[in-house]
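Data first, discussion second: the structure below is written as structure tokens.
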Amino acid sequence: MDSQAEFKLSPSRRLLDGVNMFFAILPDKEAKAEIIRIGERFVKSHRLGGSSVDIDRLHITLSPIGKPDRLRQPLEGALLAAAEEVRVKEFKITLDSAMRFSSAGKDGRFPFVLCADTLTTEVTLKLRKALADAQYAQGLHVAGVSSYLPHVTLLYAQGVEAIEQPIPPISWMAREFVLIRSFFGQSKHEVMGRWPLGSGD
């Protein structure tokens, strides 16, 4: 795969404070619009308050970066090398339910999310495992790989009632995965690299 890396390597083997990185899948333009529409409908019907996720930050997290173990090069270089080794075909993603996660974050707010269907979960887990294996080969250990529910977070809110119900399916083709750098407290994401998935032919 030819990567489209958008960052310069640094000598650091760890993340700076306030910065996080993870691999993800981004919805296409049409799916983003549908996700926002569903989110707006649920905000009104359930009288949800809180902080909505900006349309440009909607994503499905695939894998966090692993804990360094035998890491012999800068962290960013190891992530690049890992991503280059992943060989998974493109696949269809479908979100078909909405729910509030039962656990609140440190700030007391609950995530309100749209969840993937069973088939999407199965194929997305294969990509997650491939990324974890590729990171391990570079000296990065990802824990809890099989404990996974693909989802798109729409909202963080306090005091949100328990919600779990079906939605009209939202689908798109996952043709690439990305490496994202996020900044805590800034609601800011940067796409650091993109890697195409293989064609289905």
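Ligands are numbered from 1 in the order shown, residues from 1 within each chain, and chains are lettered A, B, ... in the order they appear in the structure tokens.
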
Contacts of stretch 161-169 of chain A within 6 Å, only C-alpha atoms, excl. fewer than 3 positions in-chain, as a compact mmCIF listing (two decimals) with C-alpha atoms, in the first residue's frame:
# COMPACT_ATOMS: atom_id res chain seq x y z
CA LEU A 95 -24.84 1.67 11.33
CA ASP A 96 -28.26 0.42 12.44
CA SER A 97 -28.84 1.35 16.10
CA ALA A 98 -28.49 4.21 18.55
CA MET A 99 -27.57 3.89 22.19
CA ARG A 100 -26.15 5.63 25.21

Exercise for the section: Identify, with DSSP run on backbone atoms, the residues in chain A assigned to helix (DSSP H, G or I), and express the list as a PyMOL selection string. Expected result: chain A and resi 29-45+55-57+75-84+118-137

Exercise for the section: Using DSSP on the backbone, list every residue of stretch 13-162 of chain A that comes out as strand (DSSP E), and give them as a PyMOL selection string. Expected result: chain A and resi 19-25+51-52+60-64+67-68+91-100+110-116+140-141+151-157

Practice task
Would you mind telling me which residue in A:Glu122, A:Asp107, A:Glu90, A:Asp117 lies nearest to A:Trp195 when using only C-alpha atoms?
Solution key: A:Glu90

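Each of A:Val142, A:Ala83, A:Val178, A:Leu155 was compared to A:Asp69 using only C-alpha atoms, and A:Val142 turns out to be the nearest.
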
At a cut-off of 10 Å, using only C-alpha atoms, what residues contact A:Tyr148? Leave out same-chain residues fewer than 6 positions from it and give the result as a short mmCIF file (atom, residue, chain, number, x, y, z; two decimals) with N, CA and C atoms, in the first residue's frame.
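Writing done, so here's result.cif:
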data_model
loop_
_atom_site.label_atom_id
_atom_site.label_comp_id
_atom_site.auth_asym_id
_atom_site.auth_seq_id
_atom_site.Cartn_x
_atom_site.Cartn_y
_atom_site.Cartn_z
N THR A 61 -13.46 4.46 15.50
CA THR A 61 -12.12 4.11 15.97
C THR A 61 -11.84 2.64 15.65
N LEU A 62 -10.70 2.37 15.04
CA LEU A 62 -10.29 1.01 14.74
C LEU A 62 -9.38 0.45 15.83
N SER A 63 -8.37 1.22 16.18
CA SER A 63 -7.37 0.74 17.13
C SER A 63 -6.62 1.91 17.75
N THR A 121 -19.46 -5.33 12.32
CA THR A 121 -18.60 -5.59 13.47
C THR A 121 -17.59 -6.68 13.16
N GLU A 122 -18.03 -7.73 12.48
CA GLU A 122 -17.13 -8.85 12.15
C GLU A 122 -16.00 -8.43 11.22
N THR A 124 -14.95 -5.33 10.51
CA THR A 124 -14.15 -4.25 11.09
C THR A 124 -13.18 -4.82 12.12
N LEU A 125 -13.61 -5.84 12.85
CA LEU A 125 -12.73 -6.49 13.83
C LEU A 125 -11.51 -7.11 13.14
N ARG A 128 -9.16 -4.34 12.66
CA ARG A 128 -8.62 -3.98 13.97
C ARG A 128 -7.51 -4.95 14.38
#

Practice task
Skip stretch 44-55 of chain A itself and residues of its chain fewer than 3 positions away, then list as a ChimeraX atom specification all residues within 12 Å of it, counting only C-alpha atoms.
Solution key: /A:26-41,58-59,98-100,107-113,152-164,186-189

Mind dumping the selected residues with N, CA and C atoms as a short mmCIF file (atom, residue, chain, number, x, y, z; two decimals), in the first residue's frame?
data_model
loop_
_atom_site.label_atom_id
_atom_site.label_comp_id
_atom_site.auth_asym_id
_atom_site.auth_seq_id
_atom_site.Cartn_x
_atom_site.Cartn_y
_atom_site.Cartn_z
N LEU A 26 -13.22 6.90 8.43
CA LEU A 26 -14.04 8.10 8.33
C LEU A 26 -15.24 7.84 7.42
N PRO A 27 -16.42 8.30 7.80
CA PRO A 27 -17.58 8.19 6.90
C PRO A 27 -17.43 9.11 5.70
N ASP A 28 -18.06 8.74 4.60
CA ASP A 28 -18.01 9.62 3.44
C ASP A 28 -18.99 10.79 3.62
N LYS A 29 -19.02 11.69 2.66
CA LYS A 29 -19.81 12.92 2.77
C LYS A 29 -21.28 12.63 2.99
N GLU A 30 -21.83 11.68 2.22
CA GLU A 30 -23.26 11.37 2.33
C GLU A 30 -23.57 10.74 3.69
N ALA A 31 -22.71 9.83 4.14
CA ALA A 31 -22.93 9.19 5.43
C ALA A 31 -22.86 10.20 6.56
N LYS A 32 -21.91 11.14 6.47
CA LYS A 32 -21.80 12.19 7.50
C LYS A 32 -23.11 12.96 7.61
N ALA A 33 -23.68 13.31 6.46
CA ALA A 33 -24.92 14.08 6.46
C ALA A 33 -26.05 13.28 7.11
N GLU A 34 -26.13 11.97 6.80
CA GLU A 34 -27.16 11.12 7.41
C GLU A 34 -26.94 10.98 8.91
N ILE A 35 -25.69 10.82 9.33
CA ILE A 35 -25.37 10.70 10.75
C ILE A 35 -25.80 11.95 11.50
N ILE A 36 -25.51 13.10 10.93
CA ILE A 36 -25.89 14.36 11.57
C ILE A 36 -27.41 14.48 11.66
N ARG A 37 -28.12 14.08 10.60
CA ARG A 37 -29.58 14.16 10.61
C ARG A 37 -30.17 13.26 11.70
N ILE A 38 -29.66 12.03 11.79
CA ILE A 38 -30.13 11.12 12.84
C ILE A 38 -29.84 11.72 14.22
N GLY A 39 -28.67 12.27 14.37
CA GLY A 39 -28.29 12.87 15.65
C GLY A 39 -29.21 14.01 16.03
N GLU A 40 -29.51 14.87 15.08
CA GLU A 40 -30.40 16.01 15.36
C GLU A 40 -31.79 15.53 15.76
N ARG A 41 -32.25 14.45 15.10
CA ARG A 41 -33.58 13.91 15.41
C ARG A 41 -33.63 13.38 16.84
N LEU A 58 -16.37 13.12 13.01
CA LEU A 58 -17.10 11.85 13.05
C LEU A 58 -16.20 10.73 12.53
N HIS A 59 -16.13 9.62 13.26
CA HIS A 59 -15.25 8.53 12.86
C HIS A 59 -15.62 7.25 13.60
N ALA A 98 -28.97 3.08 17.73
CA ALA A 98 -28.49 4.21 18.55
C ALA A 98 -28.55 3.80 20.01
N MET A 99 -27.57 4.22 20.78
CA MET A 99 -27.57 3.89 22.19
C MET A 99 -26.75 4.89 22.99
N ARG A 100 -26.99 4.88 24.28
CA ARG A 100 -26.15 5.63 25.21
C ARG A 100 -25.27 4.62 25.93
N ASP A 107 -15.59 13.28 33.25
CA ASP A 107 -16.33 14.53 33.44
C ASP A 107 -17.81 14.29 33.72
N GLY A 108 -18.21 13.01 33.85
CA GLY A 108 -19.61 12.70 34.17
C GLY A 108 -20.53 12.68 32.98
N ARG A 109 -20.01 12.86 31.77
CA ARG A 109 -20.85 12.87 30.59
C ARG A 109 -20.88 11.49 29.94
N PHE A 110 -22.05 11.14 29.37
CA PHE A 110 -22.25 9.86 28.71
C PHE A 110 -22.11 10.02 27.19
N PRO A 111 -21.45 9.07 26.51
CA PRO A 111 -21.42 9.11 25.05
C PRO A 111 -22.74 8.60 24.47
N PHE A 112 -23.27 9.30 23.51
CA PHE A 112 -24.43 8.87 22.73
C PHE A 112 -23.91 8.51 21.36
N VAL A 113 -24.14 7.25 20.92
CA VAL A 113 -23.46 6.74 19.74
C VAL A 113 -24.41 6.03 18.77
N VAL A 152 -19.98 5.29 16.00
CA VAL A 152 -19.70 6.71 15.75
C VAL A 152 -20.31 7.50 16.90
N THR A 153 -19.50 8.25 17.61
CA THR A 153 -19.99 9.06 18.72
C THR A 153 -20.57 10.37 18.18
N LEU A 154 -21.79 10.70 18.63
CA LEU A 154 -22.47 11.91 18.20
C LEU A 154 -22.46 13.01 19.23
N LEU A 155 -22.49 12.60 20.51
CA LEU A 155 -22.79 13.58 21.56
C LEU A 155 -22.24 13.10 22.89
N TYR A 156 -21.81 14.03 23.72
CA TYR A 156 -21.46 13.76 25.11
C TYR A 156 -22.37 14.62 25.98
N ALA A 157 -23.10 13.98 26.90
CA ALA A 157 -24.06 14.74 27.69
C ALA A 157 -24.17 14.16 29.10
N GLN A 158 -24.51 15.00 30.04
CA GLN A 158 -24.74 14.59 31.42
C GLN A 158 -26.22 14.29 31.61
N GLY A 159 -26.50 13.28 32.43
CA GLY A 159 -27.89 12.98 32.78
C GLY A 159 -28.73 12.48 31.64
N VAL A 160 -28.11 11.87 30.64
CA VAL A 160 -28.86 11.36 29.50
C VAL A 160 -29.53 10.05 29.88
N GLU A 161 -30.82 9.92 29.56
CA GLU A 161 -31.54 8.69 29.86
C GLU A 161 -30.99 7.54 29.03
N ALA A 162 -31.16 6.32 29.54
CA ALA A 162 -30.69 5.14 28.81
C ALA A 162 -31.45 5.01 27.49
N ILE A 163 -30.72 4.84 26.40
CA ILE A 163 -31.31 4.75 25.07
C ILE A 163 -30.68 3.58 24.33
N GLU A 164 -31.52 2.79 23.69
CA GLU A 164 -31.04 1.75 22.77
C GLU A 164 -32.18 1.40 21.84
N GLN A 186 -9.35 20.40 22.95
CA GLN A 186 -9.35 21.35 21.84
C GLN A 186 -10.36 20.98 20.75
N SER A 187 -11.02 19.82 20.88
CA SER A 187 -11.96 19.36 19.85
C SER A 187 -11.31 19.43 18.47
N LYS A 188 -10.07 18.95 18.40
CA LYS A 188 -9.28 19.07 17.18
C LYS A 188 -8.72 17.72 16.78
N HIS A 189 -8.91 17.38 15.50
CA HIS A 189 -8.34 16.17 14.93
C HIS A 189 -7.47 16.53 13.73
#
